[in-house]
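Participant: What follows is a structure written as structure tokens; I'll ask about it next.
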Amino acid sequence: MSGTPQRVLITGAGSGLGAALADAFETRGDLVLATDRDPAGVASRAQHLALDITSGGDWAAARAWVEQEWGGLDVLVNNAGIAGGGRLDVAGVEEWRRIFEINLFGMVSGLSEFVPLFKQQRSGRIVNVASLAGFVHPAGMGAYNAVKAAVVALSETAGHELAEYGVACSVVAPSYFRTNLMDDVAGADTALTEVMRSLVAGSPLSAEAIAREVLSAVERGDEVIVPDDAARSAIALKAGDRDRYDAVMRRQAAKLNAR
């Protein structure tokens, strides 16, 4: 990325990592369009827009805004999403559909709207927020693991497909960090929800710390951004010692099943 101010659109910027990313880009001197399904969450931002990522009309309005106000876009940050999961015999199909509709198809809708603009410009960067769950797959989180793995695959595909147009794509894969992402979780597997809430609340990592690492990695041009030590260690364990990794995962599964 160049040293000149970038034009940045961030989804889910009303709180959590989205808000922290908006702060980080703004602190660097970039122009930020903060978007969120709840416009009250971004109303204090200099540039803000209501955007439900499952709405094609909202995405079209966001593109119209950046073209009219800025004449284009440099960085699209697909951050908005929900938490969820549940054991295979507890979480229902509707829970799976909901998490895929928001976390994957919401992102695909944004790419469908903005990729033509990036190709026309022959420049741009896409930053897709996935999770460590895209690479490491603990028990009880089938839907979340699957949708985040899909985001990882989508991001790699986009990077290859758009390279000749001067458009890059990064995927972000943090471990648990303190955020309000768990506030609206309402899945059938309440035991899994309790475990996830405990892990989020007990994390030493803040959204602001993750945002700083993400911004540094985007500036370097990293395509896979693993922003914290816990995530890096988990991925390294899976790659380097699969037997030990499987043993750890199955111990965690046994603890969950015993609840």
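Residues in the structure tokens are numbered from 1 in each chain, the chains being A, B, ... in the order shown, and ligands are numbered from 1 in the order shown.
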Near segment 96-113 of chain A, counting only C-alpha atoms, which residues have an atom at most 9 Å away, once you skip same-chain residues fewer than 3 positions from it, shown as a PyMOL selection string?
Facilitator: chain A and resi 52-56+59-60+63+76+78-85+91-93+116-117+126+128+130+142-144+146-148+150-151+154
Participant: Got a sec to tell me which of segment 47-236 of chain A DSSP assigns to alpha helix (DSSP H), as JSON, numbers by chain?
Facilitator: {"A": [56, 57, 58, 59, 60, 61, 62, 63, 64, 65, 66, 67, 68, 69, 93, 94, 95, 96, 97, 98, 99, 100, 106, 107, 108, 109, 110, 111, 112, 113, 114, 115, 116, 117, 118, 119, 120, 121, 142, 143, 144, 145, 146, 147, 148, 149, 150, 151, 152, 153, 154, 155, 156, 157, 158, 159, 160, 161, 162, 190, 191, 192, 193, 194, 195, 196, 197, 198, 199, 200, 201, 207, 208, 209, 210, 211, 212, 213, 214, 215, 216, 217, 218, 219, 220, 229, 230, 231, 232, 233, 234, 235, 236]}
Participant: So the first atom is atom CA of Asp30 of chain A and the second is atom CA of Glu164 of chain A; what is the distance between them in Å, to one decimal place?
Facilitator: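 Value for the atom CA of Asp30 of chain A-atom CA of Glu164 of chain A distance: 25.5 Å.
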Participant: Which one is closest to Ala19 of chain A: A:Thr35, A:Gln47, A:Gln252, A:Thr4? Count only C-alpha atoms.
Facilitator: A:Thr35
Participant: Rounded to one decimal, what separation in Å do you get between atom CA of Asp228 of chain A and atom CA of Asp243 of chain A?
Facilitator: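 Result for atom CA of Asp228 of chain A versus atom CA of Asp243 of chain A: 23.4 Å, one decimal.
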Participant: From the set A:Gly140, A:Arg37, A:Leu17, A:Gly134, which residue has the shortest atom-to-atom contact distance to Phe177 of chain A, counting only C-alpha atoms?
Facilitator: A:Leu17
Participant: What is the atom CA of Gln121 of chain A-atom CA of Gly159 of chain A distance in Å, reported with one decimal?
Facilitator: 16.0 Å
Participant: Could you tell me which of A:Leu51, A:Asn145, A:Tyr176, A:Asp38 comes closest to Ser198 of chain A if we count only C-alpha atoms?
Facilitator: A:Tyr176
Participant: Within 12 Å of Ser233 of chain A, counting only C-alpha atoms, which residues show up once you throw out same-chain ones fewer than 5 positions away? Write them as a list in words, please.
Facilitator: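 Once the adjacent positions are removed, what remains is Leu132, Phe135, Val136, Pro174, Ser175, Val226, Pro227, Asp228, Lys238, Ala239, Gly240, Asp241 and Tyr245 of chain A.
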Participant: With only C-alpha atoms as the counted atoms, please give the residues lying no more than 10 Å from Leu215 of chain A, apart from itself and same-chain residues fewer than 3 positions off, as a list in words.
Facilitator: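 Final neighbour list, sorted by chain and number: Leu21, Ala24, Phe25, Arg28, Ile210, Ala211, Arg212, Val218, Glu219, Arg220, Gly221, Ile225 and Pro227 of chain A.
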Participant: Would you please work out which residue, of A:Glu26, A:Glu223, A:Asp89, A:Glu69, is nearest to Ser155 of chain A when using only C-alpha atoms?
Facilitator: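 For Ser155 of chain A, the nearest of the candidates is A:Glu223.
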Participant: Counting only C-alpha atoms, which of A:Ala163, A:Ala207, A:Ala217, A:Ala191 gets nearest to Gly124 of chain A?
Facilitator: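 Answer, going by the shortest atom-to-atom distance: A:Ala163.
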Participant: So which residues of segment 49-190 of chain A fall under strand (DSSP E) by DSSP, listed as an MDAnalysis selection string?
Facilitator: chainID A and resid 49:50 75:78 124:129 167:172
Participant: Write a file of the selected residues as a tab-separated table (two decimals), in the first residue's frame, keeping all heavy atoms.
Facilitator:
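Saved file part-v8.tsv follows:
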chain	number	residue	atom	x	y	z
A	49	LEU	N	-22.42	4.78	6.99
A	49	LEU	CA	-23.52	4.34	6.14
A	49	LEU	C	-24.13	3.08	6.76
A	49	LEU	O	-23.40	2.22	7.26
A	49	LEU	CB	-22.99	4.02	4.75
A	49	LEU	CG	-23.97	3.91	3.59
A	49	LEU	CD1	-24.60	5.27	3.29
A	49	LEU	CD2	-23.26	3.36	2.35
A	50	ALA	N	-25.44	2.97	6.71
A	50	ALA	CA	-26.10	1.74	7.13
A	50	ALA	C	-25.88	0.68	6.04
A	50	ALA	O	-26.09	0.95	4.85
A	50	ALA	CB	-27.60	1.98	7.33
A	75	VAL	N	-9.55	0.03	-0.38
A	75	VAL	CA	-9.55	-1.14	0.51
A	75	VAL	C	-10.99	-1.46	0.92
A	75	VAL	O	-11.70	-0.59	1.44
A	75	VAL	CB	-8.71	-0.89	1.78
A	75	VAL	CG1	-8.65	-2.17	2.64
A	75	VAL	CG2	-7.30	-0.44	1.43
A	76	LEU	N	-11.39	-2.70	0.70
A	76	LEU	CA	-12.68	-3.20	1.19
A	76	LEU	C	-12.39	-4.20	2.31
A	76	LEU	O	-11.74	-5.22	2.09
A	76	LEU	CB	-13.45	-3.90	0.07
A	76	LEU	CG	-14.71	-4.66	0.49
A	76	LEU	CD1	-15.76	-3.72	1.07
A	76	LEU	CD2	-15.28	-5.46	-0.69
A	77	VAL	N	-12.85	-3.89	3.52
A	77	VAL	CA	-12.66	-4.78	4.67
A	77	VAL	C	-13.98	-5.46	4.99
A	77	VAL	O	-14.91	-4.84	5.50
A	77	VAL	CB	-12.16	-4.00	5.90
A	77	VAL	CG1	-11.91	-4.97	7.07
A	77	VAL	CG2	-10.88	-3.23	5.58
A	78	ASN	N	-14.07	-6.75	4.67
A	78	ASN	CA	-15.25	-7.55	4.96
A	78	ASN	C	-15.10	-8.13	6.37
A	78	ASN	O	-14.57	-9.22	6.57
A	78	ASN	CB	-15.38	-8.68	3.94
A	78	ASN	CG	-15.87	-8.20	2.60
A	78	ASN	OD1	-16.85	-7.47	2.51
A	78	ASN	ND2	-15.15	-8.57	1.55
A	124	GLY	N	-6.64	-2.11	-5.94
A	124	GLY	CA	-7.49	-2.32	-4.78
A	124	GLY	C	-7.00	-3.46	-3.93
A	124	GLY	O	-6.19	-4.29	-4.37
A	125	ARG	N	-7.48	-3.49	-2.70
A	125	ARG	CA	-7.18	-4.61	-1.79
A	125	ARG	C	-8.45	-5.00	-1.07
A	125	ARG	O	-9.19	-4.16	-0.57
A	125	ARG	CB	-6.09	-4.25	-0.78
A	125	ARG	CG	-5.85	-5.37	0.25
A	125	ARG	CD	-4.61	-5.14	1.08
A	125	ARG	NE	-3.41	-5.34	0.33
A	125	ARG	CZ	-2.81	-6.53	0.11
A	125	ARG	NH1	-3.35	-7.63	0.60
A	125	ARG	NH2	-1.70	-6.61	-0.59
A	126	ILE	N	-8.67	-6.30	-0.99
A	126	ILE	CA	-9.77	-6.89	-0.23
A	126	ILE	C	-9.17	-7.51	1.03
A	126	ILE	O	-8.17	-8.23	0.96
A	126	ILE	CB	-10.48	-7.97	-1.07
A	126	ILE	CG1	-11.07	-7.37	-2.34
A	126	ILE	CG2	-11.56	-8.67	-0.25
A	126	ILE	CD1	-11.34	-8.40	-3.43
A	127	VAL	N	-9.78	-7.23	2.18
A	127	VAL	CA	-9.37	-7.83	3.45
A	127	VAL	C	-10.59	-8.57	4.01
A	127	VAL	O	-11.57	-7.93	4.42
A	127	VAL	CB	-8.86	-6.77	4.45
A	127	VAL	CG1	-8.44	-7.44	5.75
A	127	VAL	CG2	-7.71	-5.96	3.85
A	128	ASN	N	-10.54	-9.89	4.00
A	128	ASN	CA	-11.63	-10.71	4.50
A	128	ASN	C	-11.29	-11.23	5.90
A	128	ASN	O	-10.27	-11.90	6.07
A	128	ASN	CB	-11.88	-11.90	3.58
A	128	ASN	CG	-12.42	-11.49	2.23
A	128	ASN	OD1	-13.09	-10.47	2.10
A	128	ASN	ND2	-12.14	-12.27	1.20
A	129	VAL	N	-12.13	-10.93	6.87
A	129	VAL	CA	-11.89	-11.39	8.23
A	129	VAL	C	-12.49	-12.78	8.38
A	129	VAL	O	-13.71	-12.95	8.32
A	129	VAL	CB	-12.48	-10.41	9.26
A	129	VAL	CG1	-12.30	-10.96	10.67
A	129	VAL	CG2	-11.81	-9.04	9.13
A	167	VAL	N	-5.25	-6.26	-8.18
A	167	VAL	CA	-6.07	-6.33	-6.97
A	167	VAL	C	-5.57	-7.47	-6.10
A	167	VAL	O	-5.39	-8.60	-6.57
A	167	VAL	CB	-7.56	-6.55	-7.33
A	167	VAL	CG1	-8.41	-6.61	-6.07
A	167	VAL	CG2	-8.05	-5.45	-8.26
A	168	ALA	N	-5.34	-7.19	-4.83
A	168	ALA	CA	-4.83	-8.19	-3.89
A	168	ALA	C	-5.91	-8.54	-2.87
A	168	ALA	O	-6.86	-7.78	-2.66
A	168	ALA	CB	-3.60	-7.66	-3.16
A	169	CYS	N	-5.77	-9.70	-2.25
A	169	CYS	CA	-6.73	-10.13	-1.24
A	169	CYS	C	-5.99	-10.73	-0.05
A	169	CYS	O	-5.09	-11.56	-0.22
A	169	CYS	CB	-7.70	-11.16	-1.81
A	169	CYS	SG	-9.04	-11.62	-0.67
A	170	SER	N	-6.36	-10.30	1.14
A	170	SER	CA	-5.81	-10.85	2.38
A	170	SER	C	-6.93	-11.48	3.19
A	170	SER	O	-8.08	-11.03	3.14
A	170	SER	CB	-5.18	-9.73	3.23
A	170	SER	OG	-4.12	-9.10	2.55
A	171	VAL	N	-6.59	-12.52	3.94
A	171	VAL	CA	-7.54	-13.13	4.86
A	171	VAL	C	-6.94	-13.07	6.26
A	171	VAL	O	-5.74	-13.28	6.46
A	171	VAL	CB	-7.87	-14.58	4.46
A	171	VAL	CG1	-6.66	-15.50	4.54
A	171	VAL	CG2	-9.03	-15.13	5.29
A	172	VAL	N	-7.78	-12.74	7.24
A	172	VAL	CA	-7.34	-12.54	8.63
A	172	VAL	C	-7.83	-13.70	9.48
A	172	VAL	O	-9.02	-14.04	9.44
A	172	VAL	CB	-7.88	-11.21	9.19
A	172	VAL	CG1	-7.38	-10.98	10.61
A	172	VAL	CG2	-7.49	-10.05	8.28
Participant: Excluding Asp183 of chain A and any residue of its chain fewer than 5 positions from it, enumerate the residues within 12 Å of it, using only C-alpha atoms, and give them as a ChimeraX atom specification.
Facilitator: /A:15-16,82-84,178,193-194,196-197,200-201
Participant: Measuring between only C-alpha atoms, which one of A:Asn180, A:Ser44, A:Ser203, A:Ser131 shows the shortest distance to Ile235 of chain A?
Facilitator: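 The shortest atom-to-atom distance to Ile235 of chain A comes from A:Ser131.
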